file upload18.cif (mmCIF, C-alpha atoms and all ligand atoms)
data_my_file
loop_
_atom_site.label_atom_id
_atom_site.label_comp_id
_atom_site.auth_asym_id
_atom_site.auth_seq_id
_atom_site.Cartn_x
_atom_site.Cartn_y
_atom_site.Cartn_z
CA MET A 1 5.79 20.57 26.22
CA SER A 2 3.13 23.27 26.01
CA SER A 3 -0.41 22.02 26.57
CA ASN A 4 -1.84 24.20 23.77
CA LYS A 5 -4.09 22.28 21.41
CA TYR A 6 -4.87 23.54 17.92
CA ALA A 7 -6.95 22.20 15.06
CA ILE A 8 -6.37 23.41 11.51
CA VAL A 9 -9.48 22.73 9.48
CA VAL A 10 -8.52 22.88 5.81
CA ALA A 11 -11.27 24.03 3.47
CA GLY A 12 -9.25 25.72 0.77
CA GLY A 13 -10.13 23.39 -2.10
CA SER A 14 -12.37 24.00 -5.10
CA GLY A 15 -14.46 20.83 -4.75
CA SER A 16 -14.20 20.00 -8.45
CA ARG A 17 -15.29 16.35 -7.97
CA MET A 18 -18.54 17.43 -6.30
CA GLN A 19 -19.58 19.33 -9.44
CA SER A 20 -21.62 21.73 -7.34
CA GLN A 21 -22.00 25.49 -7.88
CA LEU A 22 -21.77 26.00 -4.14
CA PRO A 23 -18.35 24.97 -2.78
CA LYS A 24 -18.97 21.63 -1.04
CA GLN A 25 -17.88 22.81 2.41
CA PHE A 26 -20.86 25.21 2.39
CA ILE A 27 -23.47 22.65 1.34
CA GLU A 28 -26.04 22.25 4.11
CA LEU A 29 -26.60 19.08 6.10
CA ASP A 30 -29.66 19.36 8.31
CA GLY A 31 -29.85 23.10 7.58
CA LEU A 32 -26.25 23.81 8.64
CA PRO A 33 -23.24 24.19 6.29
CA ILE A 34 -20.86 21.21 6.46
CA LEU A 35 -18.03 23.36 7.82
CA PHE A 36 -19.98 24.23 10.97
CA HIS A 37 -20.63 20.52 11.63
CA THR A 38 -16.90 19.86 11.36
CA LEU A 39 -15.84 22.76 13.60
CA LEU A 40 -18.44 21.76 16.22
CA ARG A 41 -17.04 18.21 16.33
CA PHE A 42 -13.68 19.55 17.53
CA LYS A 43 -15.08 21.99 20.10
CA LYS A 44 -17.42 19.30 21.47
CA ALA A 45 -14.53 16.82 21.72
CA ASP A 46 -12.40 19.27 23.69
CA GLU A 47 -13.41 22.85 24.52
CA SER A 48 -9.76 23.89 24.86
CA ILE A 49 -8.94 23.25 21.19
CA GLN A 50 -8.14 26.49 19.34
CA LEU A 51 -9.58 26.42 15.84
CA ILE A 52 -7.88 27.70 12.69
CA LEU A 53 -10.03 27.66 9.58
CA VAL A 54 -8.31 27.76 6.18
CA LEU A 55 -10.53 29.17 3.43
CA PRO A 56 -9.78 30.68 0.00
CA LYS A 57 -9.80 34.50 0.11
CA ALA A 58 -12.64 34.43 -2.41
CA HIS A 59 -14.88 32.46 0.01
CA GLN A 60 -14.19 34.46 3.15
CA ALA A 61 -16.88 37.13 2.73
CA TYR A 62 -19.45 34.40 2.10
CA TRP A 63 -18.25 32.55 5.21
CA GLN A 64 -18.67 35.74 7.26
CA SER A 65 -22.24 36.01 5.99
CA LEU A 66 -22.86 32.39 7.02
CA CYS A 67 -21.44 33.13 10.47
CA GLU A 68 -23.93 35.99 10.79
CA LYS A 69 -26.80 33.81 9.55
CA HIS A 70 -25.90 30.99 11.97
CA ALA A 71 -24.69 33.29 14.76
CA ALA A 72 -25.71 30.98 17.63
CA VAL A 73 -23.60 28.15 16.18
CA ALA A 74 -20.77 30.43 15.06
CA GLN A 75 -20.28 31.69 18.60
CA GLN A 76 -19.69 28.10 19.76
CA VAL A 77 -16.77 27.76 17.35
CA PRO A 78 -14.57 30.87 17.59
CA HIS A 79 -11.74 30.56 15.08
CA TRP A 80 -8.95 32.33 13.27
CA LEU A 81 -9.46 32.64 9.54
CA VAL A 82 -6.42 31.97 7.33
CA ASP A 83 -6.07 32.20 3.52
CA GLY A 84 -6.19 28.95 1.54
CA GLY A 85 -3.31 27.95 -0.71
CA GLN A 86 -3.13 26.63 -4.27
CA THR A 87 -2.76 23.07 -2.93
CA ARG A 88 -3.70 21.23 0.25
CA PHE A 89 0.00 21.31 1.26
CA GLN A 90 0.00 25.10 1.00
CA SER A 91 -3.29 25.38 2.88
CA SER A 92 -1.87 23.28 5.75
CA GLN A 93 1.30 25.40 5.66
CA ASN A 94 -0.70 28.64 5.87
CA GLY A 95 -2.68 27.30 8.85
CA LEU A 96 0.49 26.18 10.58
CA ALA A 97 2.05 29.64 10.16
CA ARG A 98 -0.72 31.00 12.40
CA ILE A 99 0.57 28.95 15.36
CA GLU A 100 3.15 30.50 17.69
CA GLY A 101 4.90 28.33 20.27
CA ASP A 102 4.61 24.59 20.79
CA GLY A 103 1.76 22.23 21.61
CA LEU A 104 -0.29 19.76 19.60
CA VAL A 105 -1.89 20.43 16.25
CA SER A 106 -4.46 18.38 14.43
CA ILE A 107 -5.07 18.90 10.73
CA HIS A 108 -8.52 17.89 9.55
CA ASP A 109 -10.40 18.05 6.27
CA GLY A 110 -13.24 20.57 6.49
CA VAL A 111 -15.38 18.08 4.60
CA ARG A 112 -15.15 15.26 7.16
CA PRO A 113 -18.02 16.33 9.43
CA PHE A 114 -18.65 12.92 11.02
CA VAL A 115 -15.40 12.47 12.94
CA GLU A 116 -16.19 11.10 16.42
CA ALA A 117 -15.14 12.85 19.65
CA THR A 118 -13.31 9.69 20.82
CA VAL A 119 -11.21 9.65 17.65
CA ILE A 120 -10.28 13.32 18.07
CA GLN A 121 -9.42 12.82 21.75
CA ASN A 122 -7.36 9.69 21.03
CA SER A 123 -5.45 11.52 18.30
CA TYR A 124 -4.31 14.28 20.69
CA GLN A 125 -3.46 11.76 23.44
CA THR A 126 -1.40 9.61 21.08
CA ALA A 127 0.39 12.59 19.53
CA GLN A 128 1.20 13.81 23.04
CA THR A 129 3.12 10.61 23.84
CA LEU A 130 4.32 9.46 20.40
CA GLY A 131 4.61 12.71 18.41
CA SER A 132 2.06 11.78 15.76
CA ALA A 133 -1.35 10.16 15.38
CA VAL A 134 -2.87 9.47 11.99
CA VAL A 135 -6.40 8.14 11.79
CA SER A 136 -6.95 5.13 9.52
CA VAL A 137 -9.26 2.19 8.79
CA PRO A 138 -8.65 -1.27 7.29
CA SER A 139 -9.67 -1.80 3.66
CA LYS A 140 -12.97 -3.66 3.33
CA ASP A 141 -12.31 -4.37 -0.35
CA SER A 142 -9.59 -6.47 -1.94
CA VAL A 143 -6.66 -4.41 -3.11
CA ARG A 144 -4.41 -4.49 -6.20
CA VAL A 145 -1.44 -2.18 -6.78
CA ASN A 146 -0.60 -1.73 -10.47
CA GLY A 147 -2.80 -4.78 -11.15
CA VAL A 148 -1.06 -7.00 -8.62
CA ALA A 149 -3.06 -8.34 -5.66
CA VAL A 150 -1.63 -7.42 -2.30
CA ASP A 151 -2.39 -8.76 1.15
CA ARG A 152 -5.33 -6.64 2.25
CA ALA A 153 -4.30 -7.08 5.89
CA THR A 154 -1.30 -4.85 5.19
CA VAL A 155 -3.45 -2.00 3.85
CA ARG A 156 -4.78 0.94 5.87
CA LEU A 157 -6.89 3.71 4.37
CA ILE A 158 -5.85 7.06 5.74
CA GLN A 159 -8.27 9.65 7.05
CA THR A 160 -8.00 12.82 9.07
CA PRO A 161 -7.52 14.10 11.76
CA GLN A 162 -3.76 13.80 11.59
CA THR A 163 -2.29 15.15 14.81
CA PHE A 164 1.32 16.08 15.57
CA GLN A 165 3.53 17.91 17.96
CA VAL A 166 3.68 21.45 16.53
CA SER A 167 7.50 21.45 16.47
CA ILE A 168 7.55 18.24 14.37
CA LEU A 169 4.98 19.52 11.88
CA LYS A 170 6.70 22.89 11.52
CA LYS A 171 10.05 21.22 10.86
CA ALA A 172 8.45 18.88 8.29
CA PHE A 173 6.73 21.72 6.43
CA GLU A 174 10.01 23.56 5.88
CA THR A 175 10.45 21.34 2.79
CA GLU A 176 9.66 21.92 -0.90
CA GLU A 177 6.28 20.50 -1.89
CA LEU A 178 6.24 17.09 -3.66
CA SER A 179 3.38 15.65 -5.74
CA THR A 180 3.39 12.63 -3.39
CA PHE A 181 2.26 14.80 -0.47
CA THR A 182 -1.42 13.82 -0.47
CA ASP A 183 -1.77 14.40 3.25
CA ASP A 184 0.18 15.82 6.19
CA ALA A 185 1.48 12.45 7.36
CA SER A 186 3.36 12.03 4.07
CA VAL A 187 5.09 15.38 4.66
CA VAL A 188 6.06 14.41 8.22
CA GLU A 189 7.30 10.98 7.14
CA ALA A 190 9.41 12.46 4.32
CA ALA A 191 11.13 14.60 6.96
CA GLY A 192 12.17 11.41 8.77
CA PHE A 193 9.67 11.38 11.63
CA PRO A 194 7.71 8.19 12.48
CA ILE A 195 3.97 8.03 11.79
CA HIS A 196 1.70 6.30 14.31
CA LEU A 197 -1.59 5.02 12.96
CA ILE A 198 -4.68 4.97 15.18
CA ASP A 199 -8.15 3.62 14.50
CA GLY A 200 -10.68 5.80 12.73
CA SER A 201 -14.17 4.89 11.61
CA TYR A 202 -15.96 4.11 8.36
CA GLU A 203 -18.42 6.90 9.14
CA ASN A 204 -15.63 9.51 9.02
CA ILE A 205 -16.20 9.99 5.30
CA LYS A 206 -14.64 12.73 3.21
CA ILE A 207 -17.45 14.37 1.28
CA THR A 208 -15.90 14.34 -2.16
CA THR A 209 -18.41 13.21 -4.83
CA PRO A 210 -22.21 13.63 -5.06
CA GLU A 211 -23.09 10.19 -3.66
CA ASP A 212 -21.18 11.05 -0.47
CA LEU A 213 -23.95 13.57 0.26
CA LEU A 214 -26.54 10.78 0.14
CA PHE A 215 -24.52 8.80 2.67
CA ALA A 216 -24.00 11.94 4.79
CA ASN A 217 -27.75 12.51 5.02
CA MET A 218 -28.26 8.87 6.05
CA LEU A 219 -25.67 9.28 8.80
CA LEU A 220 -27.45 12.39 10.08
CA GLU A 221 -30.69 10.46 10.14
CA LYS A 222 -29.03 7.72 12.20
CA TYR A 223 -27.93 10.17 14.91
CA ARG A 224 -31.07 12.33 14.95
CA ASP A 225 -32.63 12.18 18.41
N1 LIG A 301 -5.83 23.91 -2.10
C1 LIG A 301 -6.51 23.14 -1.25
C2 LIG A 301 -7.06 21.90 -1.66
C3 LIG A 301 -7.79 21.15 -0.73
N2 LIG A 301 -7.97 21.63 0.52
C4 LIG A 301 -8.83 20.91 1.47
O1 LIG A 301 -8.40 19.59 1.68
C5 LIG A 301 -9.54 18.78 2.00
C6 LIG A 301 -9.53 17.51 1.18
O2 LIG A 301 -9.49 17.85 -0.18
P1 LIG A 301 -10.58 17.44 -1.26
O3 LIG A 301 -11.67 16.65 -0.71
O4 LIG A 301 -9.83 16.96 -2.45
O5 LIG A 301 -11.21 18.86 -1.59
P2 LIG A 301 -11.13 19.68 -2.90
O6 LIG A 301 -9.71 19.91 -3.30
O7 LIG A 301 -11.95 20.88 -2.60
O8 LIG A 301 -11.90 18.73 -3.93
P3 LIG A 301 -11.50 18.31 -5.42
O9 LIG A 301 -10.18 17.58 -5.30
O10 LIG A 301 -12.63 17.45 -5.85
O11 LIG A 301 -11.39 19.58 -6.22
C7 LIG A 301 -10.78 19.61 1.74
O12 LIG A 301 -11.35 19.98 2.97
C8 LIG A 301 -10.25 20.77 0.94
O13 LIG A 301 -10.98 21.97 1.13
C9 LIG A 301 -7.39 22.84 0.91
O14 LIG A 301 -7.55 23.24 2.06
N3 LIG A 301 -6.67 23.57 0.01
C1 LIG A 302 -5.94 13.95 3.63
C2 LIG A 302 -6.82 12.87 3.06
O1 LIG A 302 -8.17 13.12 3.39
C3 LIG A 302 -6.45 11.55 3.72
O2 LIG A 302 -7.23 10.55 3.19
C4 LIG A 302 -6.70 12.77 1.56
O3 LIG A 302 -5.41 12.40 1.21
C5 LIG A 302 -7.11 14.04 0.85
O4 LIG A 302 -7.05 13.82 -0.54
P1 LIG A 302 -7.76 14.79 -1.56
O5 LIG A 302 -7.43 14.31 -2.93
O6 LIG A 302 -7.20 16.16 -1.26
O7 LIG A 302 -9.21 14.68 -1.29
#
call {"tool": "encode", "arguments": {"input": "upload18.cif", "output": "structure tokens", "more": "lines below"}}
Ligand SMILES: Nc1ccn([C@@H]2O[C@H](COP(=O)(O)OP(=O)(O)OP(=O)(O)O)[C@@H](O)[C@H]2O)c(=O)n1
Ligand SMILES: C[C@](O)(CO)[C@H](O)COP(=O)(O)O
result
Amino acid sequence: MSSNKYAIVVAGGSGSRMQSQLPKQFIELDGLPILFHTLLRFKKADESIQLILVLPKAHQAYWQSLCEKHAAVAQQVPHWLVDGGQTRFQSSQNGLARIEGDGLVSIHDGVRPFVEATVIQNSYQTAQTLGSAVVSVPSKDSVRVNGVAVDRATVRLIQTPQTFQVSILKKAFETEELSTFTDDASVVEAAGFPIHLIDGSYENIKITTPEDLLFANMLLEKYRD
């Protein structure tokens, strides 16, 4: 198999739950837009990873202006820019279309800027041997499905990155979109391929609602040297 490694960072959403004028992926943490933090995490985990950034057409000029403003950081994270889709499925699909040939591809939410290098590295290593690696954590809360308590030990909360052999992901994405496709693993599983879960971390939050920004700033504080 080819040793090419790609990361598709999806940032094509509208961020409606954040209720912010500025799309959430551009909100600054420590003076730097969230998206730069996320892209840097991948490059720092493995310099050879080729980055593909998925952004709505309407946000691309603004992103270019941010790249000029933060030129020193931007040059550390060279990337292809790809148009966002109407849904996350379509954004992943657009990113995937940019990849020619085989290798490994990780899909990661642009708004998960705290993913650790070890998690990224483990995801590529596992996908290399098993075909897929989907980051997850155990539930800390009790869980009920349709009101019925379930054994919490059977529950895993799914995060990103979700990493696959390119050929598997391309085959899976040849399908029609279903409303049950909330992530890339669900697309791959529906195509009949096995999903291998690996450990993530509780700090790998998806910045979704305003209180997530409070937590994000606390995490930055923790790692400030
Ligand atoms: N059409 C879409 C929808 C979502 N995403 C991306 O998928 C990730 C996870 O989605 P979410 O947190 O739900 O982002 P939004 O869709 O932007 O937020 P909301 O659902 O609150 O509108 C985000 O990085 C988001 O930009 C995307 O690339 N294309
Ligand atoms: C992909 C994901 O982050 C895994 O937890 C999640 O499914 C994205 O969901 P969202 O509704 O698009 O935020």
call {"tool": "residues_around", "arguments": {"input": "upload18.cif", "residues": "A:Ala7", "least_positions_apart": "4", "cutoff": "8 Å", "atoms": "all atoms listed in the file", "output": "list in words"}}
result
Phe42, Ile49, Gln50, Leu51, Ile52, Val105, Ser106, Ile107 and His108 of chain A
call {"tool": "closest_residue", "arguments": {"input": "upload18.cif", "among": "A:Lys24, A:Lys57, A:Arg88, A:Lys140", "to": "A:Thr180", "atoms": "only C-alpha atoms"}}
result
A:Arg88
call {"tool": "residues_near_ligand", "arguments": {"input": "upload18.cif", "ligand": "ligand LIG 301 (chain A)", "cutoff": "6 Å", "atoms": "all atoms listed in the file", "output": "ChimeraX atom specification"}}
result
/A:10-18,84-88,91,109-111,208
call {"tool": "closest_residue", "arguments": {"input": "upload18.cif", "among": "A:Asn146, A:Gln121, A:Gln165, A:Ser136", "to": "ligand LIG 302 (chain A)", "atoms": "all atoms listed in the file"}}
result
A:Ser136
call {"tool": "closest_atom_pairs", "arguments": {"input": "upload18.cif", "of": "chain A", "to": "ligand LIG 302 (chain A)", "cutoff": "7 Å", "atoms": "only C-alpha atoms and all ligand atoms", "output": "CSV"}}
result
residue,atom,partner,partner_atom,distance
A:Arg88,CA,A:LIG302,O6,6.3
A:Asp109,CA,A:LIG302,O1,6.1
A:Leu157,CA,A:LIG302,O2,6.9
A:Ile158,CA,A:LIG302,O2,4.5
A:Gln159,CA,A:LIG302,O2,4.1
A:Thr160,CA,A:LIG302,O1,5.7
A:Thr182,CA,A:LIG302,O3,4.6
A:Asp183,CA,A:LIG302,C1,4.2
A:Asp184,CA,A:LIG302,C1,6.9
A:Lys206,CA,A:LIG302,O1,6.5
A:Thr208,CA,A:LIG302,O7,6.8
call {"tool": "atom_distance", "arguments": {"input": "upload18.cif", "atom1": "atom CA of A:Phe173", "atom2": "atom CA of A:Phe89"}}
result
8.5 Å
call {"tool": "closest_residue", "arguments": {"input": "upload18.cif", "among": "A:Ser201, A:Thr154, A:Thr163, A:Ser20", "to": "A:Gln125", "atoms": "only C-alpha atoms"}}
result
A:Thr163
call {"tool": "residues_around", "arguments": {"input": "upload18.cif", "residues": "A:Ile27", "least_positions_apart": "5", "cutoff": "12 Å", "atoms": "all atoms listed in the file", "output": "list in words"}}
result
Gly15, Met18, Gln19, Ser20, Gln21, Leu22, Leu32, Pro33, Ile34, Leu35, Phe36, His37, Trp63, Leu66, Gly110, Val111, Pro113, Ile207, Thr208, Pro210, Asp212, Leu213, Ala216 and Asn217 of chain A
call {"tool": "write_last_selection", "arguments": {"input": "upload18.cif", "atoms": "C-alpha atoms", "output": "PDB file, keeping the file's coordinate frame"}}
result
ATOM      1  CA  GLY A  15     -14.460  20.830  -4.750  1.00  0.00           C
ATOM      2  CA  MET A  18     -18.540  17.430  -6.300  1.00  0.00           C
ATOM      3  CA  GLN A  19     -19.580  19.330  -9.440  1.00  0.00           C
ATOM      4  CA  SER A  20     -21.620  21.730  -7.340  1.00  0.00           C
ATOM      5  CA  GLN A  21     -22.000  25.490  -7.880  1.00  0.00           C
ATOM      6  CA  LEU A  22     -21.770  26.000  -4.140  1.00  0.00           C
ATOM      7  CA  LEU A  32     -26.250  23.810   8.640  1.00  0.00           C
ATOM      8  CA  PRO A  33     -23.240  24.190   6.290  1.00  0.00           C
ATOM      9  CA  ILE A  34     -20.860  21.210   6.460  1.00  0.00           C
ATOM     10  CA  LEU A  35     -18.030  23.360   7.820  1.00  0.00           C
ATOM     11  CA  PHE A  36     -19.980  24.230  10.970  1.00  0.00           C
ATOM     12  CA  HIS A  37     -20.630  20.520  11.630  1.00  0.00           C
ATOM     13  CA  TRP A  63     -18.250  32.550   5.210  1.00  0.00           C
ATOM     14  CA  LEU A  66     -22.860  32.390   7.020  1.00  0.00           C
ATOM     15  CA  GLY A 110     -13.240  20.570   6.490  1.00  0.00           C
ATOM     16  CA  VAL A 111     -15.380  18.080   4.600  1.00  0.00           C
ATOM     17  CA  PRO A 113     -18.020  16.330   9.430  1.00  0.00           C
ATOM     18  CA  ILE A 207     -17.450  14.370   1.280  1.00  0.00           C
ATOM     19  CA  THR A 208     -15.900  14.340  -2.160  1.00  0.00           C
ATOM     20  CA  PRO A 210     -22.210  13.630  -5.060  1.00  0.00           C
ATOM     21  CA  ASP A 212     -21.180  11.050  -0.470  1.00  0.00           C
ATOM     22  CA  LEU A 213     -23.950  13.570   0.260  1.00  0.00           C
ATOM     23  CA  ALA A 216     -24.000  11.940   4.790  1.00  0.00           C
ATOM     24  CA  ASN A 217     -27.750  12.510   5.020  1.00  0.00           C
TER      25      ASN A 217
END
call {"tool": "atom_distance", "arguments": {"input": "upload18.cif", "atom1": "atom CA of A:Ser132", "atom2": "atom CA of A:Phe164"}}
result
4.4 Å
call {"tool": "residues_around", "arguments": {"input": "upload18.cif", "residues": "A:Arg156", "least_positions_apart": "5", "cutoff": "12 Å", "atoms": "all atoms listed in the file", "output": "JSON, numbers by chain"}}
result
{"A": [134, 135, 136, 137, 138, 139, 140, 141, 142, 143, 151, 196, 197, 198, 199, 200, 201, 202]}
call {"tool": "atom_distance", "arguments": {"input": "upload18.cif", "atom1": "atom CA of A:Leu104", "atom2": "atom CA of A:Lys43"}}
result
15.0 Å
call {"tool": "closest_residue", "arguments": {"input": "upload18.cif", "among": "A:Thr38, A:Phe26, A:Leu81, A:Leu220", "to": "A:Arg112", "atoms": "only C-alpha atoms"}}
result
A:Thr38
call {"tool": "closest_residue", "arguments": {"input": "upload18.cif", "among": "A:Tyr223, A:Phe181, A:Tyr124, A:Tyr62", "to": "A:Val166", "atoms": "only C-alpha atoms"}}
result
A:Tyr124
call {"tool": "residues_near_point", "arguments": {"input": "upload18.cif", "point": "(2.7, 30.2, 17.4)", "cutoff": "12 Å", "atoms": "all atoms listed in the file", "output": "mmCIF file with C-alpha atoms, in the coordinates of the input"}}
result
data_model
loop_
_atom_site.group_PDB
_atom_site.id
_atom_site.type_symbol
_atom_site.label_atom_id
_atom_site.label_comp_id
_atom_site.auth_asym_id
_atom_site.auth_seq_id
_atom_site.Cartn_x
_atom_site.Cartn_y
_atom_site.Cartn_z
ATOM 1 C CA SER A 2 3.130 23.270 26.010
ATOM 2 C CA ASN A 4 -1.840 24.200 23.770
ATOM 3 C CA LYS A 5 -4.090 22.280 21.410
ATOM 4 C CA TYR A 6 -4.870 23.540 17.920
ATOM 5 C CA GLN A 50 -8.140 26.490 19.340
ATOM 6 C CA ILE A 52 -7.880 27.700 12.690
ATOM 7 C CA GLY A 95 -2.680 27.300 8.850
ATOM 8 C CA LEU A 96 0.490 26.180 10.580
ATOM 9 C CA ALA A 97 2.050 29.640 10.160
ATOM 10 C CA ARG A 98 -0.720 31.000 12.400
ATOM 11 C CA ILE A 99 0.570 28.950 15.360
ATOM 12 C CA GLU A 100 3.150 30.500 17.690
ATOM 13 C CA GLY A 101 4.900 28.330 20.270
ATOM 14 C CA ASP A 102 4.610 24.590 20.790
ATOM 15 C CA GLY A 103 1.760 22.230 21.610
ATOM 16 C CA LEU A 104 -0.290 19.760 19.600
ATOM 17 C CA VAL A 105 -1.890 20.430 16.250
ATOM 18 C CA VAL A 166 3.680 21.450 16.530
ATOM 19 C CA SER A 167 7.500 21.450 16.470
ATOM 20 C CA LYS A 170 6.700 22.890 11.520
#
call {"tool": "closest_residue", "arguments": {"input": "upload18.cif", "among": "A:Thr209, A:Asp30, A:Arg224, A:Pro161", "to": "A:Glu116", "atoms": "only C-alpha atoms"}}
result
A:Pro161
call {"tool": "residues_near_point", "arguments": {"input": "upload18.cif", "point": "(11.5, 21.6, 4.1)", "cutoff": "10 Å", "atoms": "all atoms listed in the file", "output": "PyMOL selection string"}}
result
chain A and resi 170-177+187-188+190-191
call {"tool": "decode", "arguments": {"input": "upload18.cif", "residues": "stretch 175-198 of chain A", "atoms": "N, CA and C atoms", "output": "PDB file, in the first residue's frame"}}
result
ATOM      1  N   THR A 175     -21.809   5.615  -1.992  1.00  0.00           N
ATOM      2  CA  THR A 175     -23.224   5.389  -1.674  1.00  0.00           C
ATOM      3  C   THR A 175     -24.052   6.686  -1.692  1.00  0.00           C
ATOM      4  N   GLU A 176     -25.394   6.499  -1.662  1.00  0.00           N
ATOM      5  CA  GLU A 176     -26.304   7.635  -1.443  1.00  0.00           C
ATOM      6  C   GLU A 176     -26.211   8.030   0.029  1.00  0.00           C
ATOM      7  N   GLU A 177     -26.389   9.299   0.319  1.00  0.00           N
ATOM      8  CA  GLU A 177     -26.318   9.753   1.707  1.00  0.00           C
ATOM      9  C   GLU A 177     -27.564   9.327   2.500  1.00  0.00           C
ATOM     10  N   LEU A 178     -27.353   8.868   3.738  1.00  0.00           N
ATOM     11  CA  LEU A 178     -28.475   8.538   4.638  1.00  0.00           C
ATOM     12  C   LEU A 178     -28.457   9.498   5.827  1.00  0.00           C
ATOM     13  N   SER A 179     -29.622   9.720   6.446  1.00  0.00           N
ATOM     14  CA  SER A 179     -29.673  10.639   7.595  1.00  0.00           C
ATOM     15  C   SER A 179     -28.935  10.056   8.802  1.00  0.00           C
ATOM     16  N   THR A 180     -28.677   8.764   8.788  1.00  0.00           N
ATOM     17  CA  THR A 180     -27.965   8.118   9.902  1.00  0.00           C
ATOM     18  C   THR A 180     -26.443   8.287   9.801  1.00  0.00           C
ATOM     19  N   PHE A 181     -25.979   8.907   8.728  1.00  0.00           N
ATOM     20  CA  PHE A 181     -24.533   9.113   8.573  1.00  0.00           C
ATOM     21  C   PHE A 181     -24.110  10.357   9.358  1.00  0.00           C
ATOM     22  N   THR A 182     -23.864  10.185  10.654  1.00  0.00           N
ATOM     23  CA  THR A 182     -23.457  11.337  11.469  1.00  0.00           C
ATOM     24  C   THR A 182     -21.941  11.487  11.511  1.00  0.00           C
ATOM     25  N   ASP A 183     -21.249  10.487  11.006  1.00  0.00           N
ATOM     26  CA  ASP A 183     -19.788  10.571  10.934  1.00  0.00           C
ATOM     27  C   ASP A 183     -19.315   9.693   9.774  1.00  0.00           C
ATOM     28  N   ASP A 184     -18.017   9.599   9.594  1.00  0.00           N
ATOM     29  CA  ASP A 184     -17.489   8.832   8.456  1.00  0.00           C
ATOM     30  C   ASP A 184     -17.497   7.333   8.743  1.00  0.00           C
ATOM     31  N   ALA A 185     -17.334   6.987  10.025  1.00  0.00           N
ATOM     32  CA  ALA A 185     -17.358   5.569  10.403  1.00  0.00           C
ATOM     33  C   ALA A 185     -18.704   4.935  10.047  1.00  0.00           C
ATOM     34  N   SER A 186     -19.791   5.683  10.211  1.00  0.00           N
ATOM     35  CA  SER A 186     -21.111   5.113   9.903  1.00  0.00           C
ATOM     36  C   SER A 186     -21.253   4.850   8.406  1.00  0.00           C
ATOM     37  N   VAL A 187     -20.587   5.662   7.590  1.00  0.00           N
ATOM     38  CA  VAL A 187     -20.615   5.451   6.130  1.00  0.00           C
ATOM     39  C   VAL A 187     -19.829   4.180   5.790  1.00  0.00           C
ATOM     40  N   VAL A 188     -18.663   4.049   6.409  1.00  0.00           N
ATOM     41  CA  VAL A 188     -17.784   2.903   6.134  1.00  0.00           C
ATOM     42  C   VAL A 188     -18.447   1.599   6.596  1.00  0.00           C
ATOM     43  N   GLU A 189     -19.072   1.667   7.772  1.00  0.00           N
ATOM     44  CA  GLU A 189     -19.732   0.465   8.309  1.00  0.00           C
ATOM     45  C   GLU A 189     -20.912   0.050   7.428  1.00  0.00           C
ATOM     46  N   ALA A 190     -21.668   1.036   6.943  1.00  0.00           N
ATOM     47  CA  ALA A 190     -22.825   0.720   6.089  1.00  0.00           C
ATOM     48  C   ALA A 190     -22.384   0.029   4.803  1.00  0.00           C
ATOM     49  N   ALA A 191     -21.140   0.279   4.396  1.00  0.00           N
ATOM     50  CA  ALA A 191     -20.618  -0.353   3.177  1.00  0.00           C
ATOM     51  C   ALA A 191     -20.074  -1.749   3.464  1.00  0.00           C
ATOM     52  N   GLY A 192     -20.152  -2.168   4.740  1.00  0.00           N
ATOM     53  CA  GLY A 192     -19.767  -3.545   5.078  1.00  0.00           C
ATOM     54  C   GLY A 192     -18.342  -3.713   5.575  1.00  0.00           C
ATOM     55  N   PHE A 193     -17.662  -2.610   5.822  1.00  0.00           N
ATOM     56  CA  PHE A 193     -16.283  -2.717   6.327  1.00  0.00           C
ATOM     57  C   PHE A 193     -16.296  -2.640   7.857  1.00  0.00           C
ATOM     58  N   PRO A 194     -15.366  -3.371   8.522  1.00  0.00           N
ATOM     59  CA  PRO A 194     -15.330  -3.308   9.994  1.00  0.00           C
ATOM     60  C   PRO A 194     -14.749  -1.982  10.497  1.00  0.00           C
ATOM     61  N   ILE A 195     -15.231  -1.570  11.664  1.00  0.00           N
ATOM     62  CA  ILE A 195     -14.752  -0.343  12.307  1.00  0.00           C
ATOM     63  C   ILE A 195     -13.956  -0.733  13.549  1.00  0.00           C
ATOM     64  N   HIS A 196     -12.746  -0.212  13.666  1.00  0.00           N
ATOM     65  CA  HIS A 196     -11.910  -0.503  14.839  1.00  0.00           C
ATOM     66  C   HIS A 196     -11.823   0.748  15.698  1.00  0.00           C
ATOM     67  N   LEU A 197     -12.279   0.605  16.947  1.00  0.00           N
ATOM     68  CA  LEU A 197     -12.264   1.756  17.853  1.00  0.00           C
ATOM     69  C   LEU A 197     -10.916   1.826  18.564  1.00  0.00           C
ATOM     70  N   ILE A 198     -10.394   3.044  18.701  1.00  0.00           N
ATOM     71  CA  ILE A 198      -9.183   3.248  19.498  1.00  0.00           C
ATOM     72  C   ILE A 198      -9.484   4.331  20.529  1.00  0.00           C
TER      73      ILE A 198
END
